[in-house]
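Student: Would you mind keeping the following structure in view while I ask a few things?
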Amino acid sequence: MIADGHISPSEAAILLLFSITAKVFLAFPRIIARQAGTAGLVSVLLGGTIMMTAVLFFSLLARRFPQKNMVDIAKFLLGPYLGALFVLPLNLYFLFDTSIVLREFSETIATAVLPRTPLSVIVFLFVVLMAYSAYGGIEGIGRTAIVMRTFIVVFMAAIILLSYPRIVLGRLLPIFGDGLPSIIKSLPVSLSSYSEVIFLGLILPYIRPTRNVLKAGLMGIMSSALILSLFCAISWATFSEPLTAYLAFPFLDLTRLISFGHFLQRADVFFIFLWYFTAALKLSIGFYAFLLSLAEFLQLKGFRPLIFISAILTYAVSFLFPNLITSFWIDQMFLTRYTFVLSLTLPLVLWIIALFIGKKETQHG
Amino acid sequence: MKIFDRVKSALHPNRGKQTAGKPEEKKKPRNIPFQPLERSFSLGERPIYGPNPELEKNKKKGQNEVNGKQDEKTKNGFKKPKKPRKLTPVEKPVENAGIKKVDPQRKEQSQSLQPEDLGPISASLEVNLALVKKNLHLPHTSDIIVRDFTIGTKPAIRGAVVFVEGLASRDTINTHILQPLMLLAHLSPDKVVDSPGDLIRQHLLPANQLETKKNFKDAIDTLLMGVTLVFIDGEPEVLVAETKGWEHRTVGHPTIEQVVIGPHEAFTELLRTNTALIRRRIRSPHLIVEALKVGRISQTDVALIYLADITNDKLVAEVRRRLQNIDVDYLSTTGQIEQYIEDNPFTLFNQMTTTELPDRAAAALSEGQVVLVIDGSPHVALLPIVYTNYFQAAEDYYLRGPFGSFSRFIRGMSIFFAIWLPSIYVAATTFHPEMIPTPLMLTVAASRENVPFPVFFEVIMMELALELIREAGIRIPSTIGPTIGIVGALILGQAAVAAGIVSPILIIVVAMTALAAFVVPDYSSQFAVRLLRFPMTVLAAMLGFVGTAAGTFVIATHLASLKSFGVPFLSPWAPSRKGSVDLFWRGPLWLMERRPEHLRTKNHVRQAKIVRKWALTAPETENKPVATDEQPDKE
């Protein structure tokens with residue numbers, strides 16, 4: 001285990017919440033609308049429920065191997081080389097997830113408010129922020145998340161209240177869309193929207209007390225499911241689901257519609273703060289997870305020496321895609337479709353191996 | 001034994017494993033009952049001046065206090081060293097008292113600054129006086145007085161007093177040392193005493209604090225603190241009489257932290273007066289005033305004050321450790337000591353605060369904070385602090401709840417304005433004019449019509465001009481201060497607008513920012529608030545609201561990882577602690593039942609669950625109409 005601070009279960013839950021729900025400001029409402037139609041809400045909630053099994057296995061692993069994260073457990077069970085191979089998909093996942101989200105958020109901001117600023121400047125600023133944040137370690141990120149939670153709750157409440165006049169709840173019907181086939185068809189996407197839950201596996205030893213891992217994970221998943229479905233519902237109830245399916249960033253358009261009397265108009269700029277804080281946190285969490293898994297892979301004792309080089313790597317990977325459309329396409333083809341396999345199978349496989357081999361943690365690290 | 005262990009582990013398979021890591025931590029009761037600390041002493045038992053027994057003990061052992069090594073050999077001989085709770089990453093055992101590598105040449109230099117050991121005191125008066133004169137450079141120094149005389153005993157003994165003029169009280173020396181020894185010595189009882197020294201100590205010298213020193217260096221060190229040395233011929237020791245009495249300022253009004261309602265007395269430069277001001281407010285036997293010395297040539301007295309039954313021991317030990325490990329030659333004020341002991345020296349945010357109000361220091365002590373009084377400084381340090389220090393003032397508690405809450409709301413808003421208002425103005429006018437309502441935007445545009453500069457330049461220029469007025473205001477002599485202030489305000493305000501250099505709306509923004517920065521009640525915390533607006537404005541000028549958001553995120557991240565003596569700066573917000581009624585909202589005093597959780601005090605309960613007990617009982621005279629004067633809430 002790489003030594004870092006400790007966080008409370010509620011902090012862990014908030015970290016999960018941020019890393020899962022940040023995508024609601026990007027293309028998520030659109031993708032779900034395309035996949036499932038109005039059944040998307042049910043699909044998202046169902047996905048959350050299924051993903052709770054991953055949390056369950058993580059908590060079982062944490063109970064069996066206290067003071068170890070999933071990589072340590074893999075190394076402990078499978079030996080240093082096989083275990084290290086086990087880390088590789090995690091590395092790649094966090095690297096690509098962070099880079100693509102970095103690119104998409106930067107593109108959103110460039111489109112919405114800074115059309116004449118070079119994209120690299122915005123991406124660079126994000127990279128600096130996430131590197132600085134990750135330098136503070138898990139305690140720093142966890143506490144920043146708590147601070148940001150206050151602002152974000154206020155902004156979200158403002159969005160819900162101010163867009164209330166445009167909401168027609170009838171647009172959410174029929175609640176089951178085209179029926180069971182559409183829900184099943186969209187299940188991979190809605191499951192993959194929770195795939196960040198694997199972050200929990202990396203921070204298992206930092207959660208104190210260890211017995212509350214289950215509580216932290218469940219709180220994180222449930223609140224994420226609530227927020228994902230709530231904001232999808234708001235954007236569909238405002239624009240209707242077929243229209244949402246054709247908006248690049250439904251949330252941006254939602255905030256653009258907000259007007260309150262003659263005074264508060266074009267308030268979308270205010271919500272830059274909401275996007276920016278959420279994006280920066282999501283990126284910090286992803287980047288931290290990447291650093292942690294990379295340090296585990298390289299068998300280092302600390303992750304901080306990797307910050308500089310990893311920041312450059314993330315920056316470079318985010319520019320691998322020639323344009324926004326390509327990054328969207330890759331995101332939709334792979335990340336939002338198949339990553340659930342990783343988050344569901346890794347903890348399950350580890351737990352089965354642990355059962356099979358029968359090894360148990362005997363000493364505290 | 002082995003068999004017994006195996007049986008036990010078979011019966012309770014999990015017990016050993018779960019507690020194997022830190023057995024002591026689990027068993028430790030949460031509320032540790034108060035145990036009188038042997039190493040400390042309170043005011044009155046022993047003068048604060050003089051060598052610190054703790055320091056001496058450590059020096060002899062060559063050990064570090066916080067290492068916990070001194071616990072290794074306790075009375076029963078088998079106690080394991082306690083694992084210190086992780087207050088800070090710095091608290092890990094530090095070898096060689098925090099100094100890892102010392103350049104040999106530098107070490108030599110630093111040693112030469114300290115007076116070398118001068119050996120024991122001689123029995124001959126001549127030898128002693130010669131040594132005094134040699135070591136204190138006597139013909140060249142004018143303020144050290146050596147007065148030799150004959151003590152009027154039978155047979156007469158020769159003696160001498162040595163003191164520093166100005167530090168020692170002339171009256172005390174004349175009436176309580178010289179007069180009894182020279183004129184009243186014949187009144188001494190005809191008792192058989194072992195030595196002339198004993199006779200003088202027991203019967204002749206009516207000083208209230210009298211010590212004996214056998215080492216020359218110790219004697220000279222104490223002499224420079226204002227005591228009087230009495231040498232007696234034939235005695236291989238010196239009597240040290242307490243005669244401190246230098247000129248000092250009396251207790252006056254606070255100059256920075258003025259309050260409308262509340263005590264109006266402030267600390268002075270004198271350490272002993274300051275500790276007494278605190279002691280007068282906390283008459284608990286558990287109030288401990290530890291004496292420490294910092295500074296090789298200044299030998300500044302520092303009093304470390306805390307409540308033994310409340311304050312966390314680890315916190316006290318950590319502060320003591322940091323103070324003892326400052327290796328500096330001169331140190332005189334709280335501000336300097338702050339820079340030597342703070343956790344993070346590269347931050348705008350102060351990690352301890354200073355106050356000149358004894359009531360604030362006493363309240364901090366009662367909550368479990370540590371107070372440092374530095375001799376020569378009228379500002380007393382309180383630590384550790386958290387973010388609430390930026391908008392909470394002592395006065396809040398002297399007013400009724402809602403008024404205190406409203407003041408805090410105003411202060412919170414001011415902090416927001418002071419940091420973000422210029423950047424919001426720059427961002428909105430430069431990058432996002434569409435967010436400004438049309439009529440307002442037209443007004444702004446009209447006011448900027450004649451201004452030739454970009455908004456950013458305009459803002460920075462005016463902010464710097466304002467800082468100029470502020471800095472000049474401090475330096476200008478008070479008699480001409482108001483005049484210069486008016487001139488500055490007129491030129492910078494009215495004339496700049498009339499000349500078309502800045503827009504009138506900007507003047508409003510800058511004026512609001514300036515006022516807002518001074519609303520922060522704590523003076524040492526104002527600087528961070530005042531300085532942060534410059535980087536924020538630069539970021540806003542570069543990237544609009546995106547820059548502002550990025551700056552805000554950096555501030556939040558920075559504060560989230562900042563610690564003040566091991567206490568997270570943003571607690572009790574992040575990490576979340578139990579709900580308190582005393583953060584932004586100043587709840588009723590009778591609800592403040594617990595001490596702040598983040599200070600990890602030994603005793604969490606501040607007051608009873610029901611404070612206003614009179615409300616539960618019926619008034620004694622039920623039939624008579626009772627005067628409706630309700631008793632005020634008492635804490």
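We label chains A, B, ... in the order they appear in the structure tokens, count residues from 1 in each chain, and number ligands from 1 in the order shown.
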I'd like the neighbourhood of range 77-89 of chain A as an MDAnalysis selection string, where a residue qualifies if any of its atoms comes within 8 Å (using only C-alpha atoms), though same-chain residues fewer than 4 positions away should be ignored.
Tutor: chainID A and resid 71:73 93 293 296:297 342 353:354 357 359
Student: Could you tell me which residues of chain B sit within 6 Å of chain A when counting only C-alpha atoms, and give me the result as a PyMOL selection string?
Tutor: chain B and resi 435+437+549+557+560-561+574-575
Student: Run DSSP on the backbone and grab whatever in range 133-251 of chain A lands in helix (DSSP H, G or I); send it over as a VMD selection string.
Tutor: chain A and resid 133 to 135 137 to 162 164 to 166 169 to 172 180 to 192 195 to 202 204 to 206 210 to 239 241 to 244 250 to 251
Student: If you run DSSP on the backbone here, which positions in range 316-464 of chain B get strand (DSSP E)? Please write them as a list in words.
Tutor: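 Filtering range 316-464 of chain B down to strand (DSSP E) leaves Thr353, Thr354, Thr355, Val370, Val371, Leu372, Val373, Ile374, Val380, Ala381, Leu382 and Leu383 of chain B.
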Student: Would you please work out which residue, of A:Ile31, A:Leu162, A:Leu90, A:Ala36, is nearest to Arg256 in chain A when using only C-alpha atoms?
Tutor: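 Using only C-alpha atoms, Arg256 in chain A sits closest to A:Leu162.
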Student: Between B:Ala495, B:Ile151, B:Ile419, B:Leu204, which residue has the minimum interatomic distance to Phe527 in chain B, considering only C-alpha atoms?
Tutor: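 Result for the nearest residue to Phe527 in chain B: B:Ile419.
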Student: Please list as an MDAnalysis selection string every residue within 12 Å of Pro205 in chain A, counting only C-alpha atoms and excluding residues in the same chain fewer than 5 positions away.
Tutor: chainID A and resid 1:9 12 58:59 61:73 138 199:200 210:213 364:365
Student: For the selection you just gave me, I'd like the residues written to a file as a compact mmCIF listing (two decimals), in the first residue's frame, keeping N, CA and C atoms.
Tutor:
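Saved file selection-v1.txt follows:
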```txt
# COMPACT_ATOMS: atom_id res chain seq x y z
N MET A 1 0.84 -1.20 0.00
CA MET A 1 0.00 0.00 0.00
C MET A 1 0.87 1.24 0.00
N ILE A 2 0.47 2.19 -0.77
CA ILE A 2 1.19 3.46 -0.79
C ILE A 2 0.63 4.33 0.32
N ALA A 3 1.50 4.79 1.19
CA ALA A 3 1.02 5.54 2.35
C ALA A 3 0.46 6.88 1.93
N ASP A 4 -0.72 7.17 2.38
CA ASP A 4 -1.33 8.47 2.18
C ASP A 4 -2.23 8.70 3.38
N GLY A 5 -3.00 9.75 3.38
CA GLY A 5 -3.80 10.07 4.56
C GLY A 5 -5.00 9.15 4.74
N HIS A 6 -5.94 9.62 5.51
CA HIS A 6 -7.17 8.86 5.74
C HIS A 6 -8.36 9.73 5.43
N ILE A 7 -9.41 9.09 4.95
CA ILE A 7 -10.64 9.84 4.70
C ILE A 7 -11.79 9.14 5.39
N SER A 8 -12.82 9.90 5.63
CA SER A 8 -13.99 9.33 6.28
C SER A 8 -14.87 8.68 5.21
N PRO A 9 -15.77 7.78 5.60
CA PRO A 9 -16.66 7.15 4.61
C PRO A 9 -17.46 8.17 3.82
N ALA A 12 -15.31 9.56 1.14
CA ALA A 12 -15.17 8.58 0.05
C ALA A 12 -16.42 8.57 -0.81
N PHE A 58 -16.13 -5.24 -3.05
CA PHE A 58 -15.03 -4.43 -2.50
C PHE A 58 -15.05 -4.46 -0.98
N SER A 59 -16.25 -4.38 -0.42
CA SER A 59 -16.31 -4.35 1.05
C SER A 59 -15.91 -5.71 1.62
N LEU A 61 -13.77 -7.73 0.22
CA LEU A 61 -12.30 -7.78 0.10
C LEU A 61 -11.64 -6.95 1.19
N ALA A 62 -12.24 -5.76 1.46
CA ALA A 62 -11.66 -4.88 2.48
C ALA A 62 -11.71 -5.54 3.84
N ARG A 63 -12.76 -6.32 4.07
CA ARG A 63 -12.88 -6.99 5.36
C ARG A 63 -11.86 -8.12 5.47
N ARG A 64 -11.66 -8.79 4.35
CA ARG A 64 -10.73 -9.92 4.36
C ARG A 64 -9.27 -9.45 4.40
N PHE A 65 -9.01 -8.37 3.69
CA PHE A 65 -7.64 -7.84 3.63
C PHE A 65 -7.63 -6.37 4.05
N PRO A 66 -7.70 -6.11 5.33
CA PRO A 66 -7.63 -4.70 5.72
C PRO A 66 -6.24 -4.15 5.40
N GLN A 67 -6.14 -2.84 5.24
CA GLN A 67 -4.87 -2.17 4.94
C GLN A 67 -4.32 -2.51 3.57
N LYS A 68 -5.16 -3.04 2.67
CA LYS A 68 -4.66 -3.33 1.32
C LYS A 68 -5.66 -2.78 0.31
N ASN A 69 -5.16 -2.23 -0.79
CA ASN A 69 -6.08 -1.87 -1.86
C ASN A 69 -6.12 -3.01 -2.86
N MET A 70 -6.95 -2.87 -3.90
CA MET A 70 -7.18 -4.04 -4.75
C MET A 70 -5.91 -4.49 -5.48
N VAL A 71 -5.02 -3.55 -5.74
CA VAL A 71 -3.78 -3.94 -6.40
C VAL A 71 -2.90 -4.76 -5.46
N ASP A 72 -2.83 -4.30 -4.20
CA ASP A 72 -2.06 -5.06 -3.21
C ASP A 72 -2.64 -6.45 -3.06
N ILE A 73 -3.97 -6.51 -3.05
CA ILE A 73 -4.63 -7.80 -2.87
C ILE A 73 -4.28 -8.72 -4.05
N ILE A 138 -4.90 12.08 -0.91
CA ILE A 138 -6.31 11.73 -0.80
C ILE A 138 -7.02 12.63 0.21
N PHE A 199 -12.66 3.13 -8.51
CA PHE A 199 -11.81 4.01 -7.70
C PHE A 199 -11.86 3.61 -6.23
N LEU A 200 -13.03 3.13 -5.84
CA LEU A 200 -13.20 2.68 -4.44
C LEU A 200 -12.18 1.59 -4.10
N THR A 210 -12.52 0.86 8.44
CA THR A 210 -12.59 -0.04 7.29
C THR A 210 -13.97 -0.69 7.14
N ARG A 211 -14.63 -0.92 8.27
CA ARG A 211 -15.92 -1.61 8.18
C ARG A 211 -16.96 -0.76 7.46
N ASN A 212 -16.67 0.54 7.30
CA ASN A 212 -17.66 1.40 6.65
C ASN A 212 -17.46 1.54 5.15
N VAL A 213 -16.64 0.68 4.56
CA VAL A 213 -16.43 0.73 3.11
C VAL A 213 -17.75 0.51 2.39
N HIS A 364 -0.88 -7.17 9.91
CA HIS A 364 -1.18 -5.81 9.50
C HIS A 364 0.05 -5.16 8.93
N GLY A 365 -0.15 -4.39 7.90
CA GLY A 365 0.97 -3.74 7.27
C GLY A 365 1.50 -2.61 8.11
```
Student: Separation of CA of Gly404 in chain B and CA of Thr513 in chain B, in Å?
Tutor: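 Separation of CA of Gly404 in chain B and CA of Thr513 in chain B: 22.4 Å.
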Student: Within 7 Å of Ala13 in chain A, counting only C-alpha atoms, which residues show up once you throw out same-chain ones fewer than 6 positions away? Write them as a count of residues only, please.
Tutor: 4
Student: Between CA of Phe553 in chain B and CA of Met222 in chain A, what is the spacing in Å?
Tutor: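 We find that CA of Met222 in chain A and CA of Phe553 in chain B lie 26.4 Å from each other.
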Student: Any idea what's packed within 8 Å of Ala279 in chain A, counting only C-alpha atoms, ignoring anything in its chain fewer than 5 positions away? Could you give it as a list of chain:residue names?
Tutor: A:Ala22, A:Leu102, A:Phe105
Student: Keeping only N, CA and C atoms, write those residues as a JSON list (two decimals), in the first residue's frame.
Tutor:
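Writing the result to result-v4.json gives the following:
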```json
[["chain", "number", "residue", "atom", "x", "y", "z"],
["A", 22, "ALA", "N", -19.93, 13.67, -12.79],
["A", 22, "ALA", "CA", -19.44, 14.79, -13.58],
["A", 22, "ALA", "C", -19.89, 14.69, -15.03],
["A", 102, "LEU", "N", -11.05, 15.26, -19.76],
["A", 102, "LEU", "CA", -10.31, 16.52, -19.82],
["A", 102, "LEU", "C", -10.57, 17.22, -21.15],
["A", 105, "PHE", "N", -14.40, 18.35, -21.39],
["A", 105, "PHE", "CA", -14.73, 19.52, -20.58],
["A", 105, "PHE", "C", -14.08, 20.77, -21.14]]
```
Student: Show me, as a list of chain:residue names, the residues that have an atom within 10 Å of Tyr164 in chain A when counting only C-alpha atoms, minus same-chain residues fewer than 3 positions from it.
Tutor: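 The contact residues come out as A:Ala158, A:Ile159, A:Ile160, A:Leu161, A:Ile167, A:Val168, A:Ile234, A:Ala237, A:Thr238, A:Ile258.
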Student: Kindly save the residues from that selection, with C-alpha atoms included, as a CSV table (one decimal), in the first residue's frame.
Tutor:
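Result written to part37.csv:
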```csv
chain,number,residue,atom,x,y,z
A,158,ALA,CA,-30.4,27.1,-8.4
A,159,ILE,CA,-30.6,25.3,-11.7
A,160,ILE,CA,-33.5,23.2,-10.6
A,161,LEU,CA,-35.4,26.1,-9.3
A,167,ILE,CA,-40.3,21.8,-17.0
A,168,VAL,CA,-43.2,19.6,-18.3
A,234,ILE,CA,-34.7,17.7,-15.9
A,237,ALA,CA,-38.6,17.4,-19.2
A,238,THR,CA,-37.3,20.7,-20.5
A,258,ILE,CA,-32.6,30.3,-17.7
```
Student: Near Arg470 in chain B, counting only C-alpha atoms, which residues have an atom at most 12 Å away, once you skip same-chain residues fewer than 4 positions from it, shown as a PyMOL selection string?
Tutor: chain B and resi 463-466+474-476+481+484-485+488-489+514-515+517-518+530
Student: Choose the residue, out of B:Gln339, B:Gln369, B:Ser407, B:Asn274, that has the smallest atom-to-atom separation from Asp309 in chain B; count only C-alpha atoms.
Tutor: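 Nearest candidate to Asp309 in chain B out of B:Gln339, B:Gln369, B:Ser407, B:Asn274: B:Gln369.
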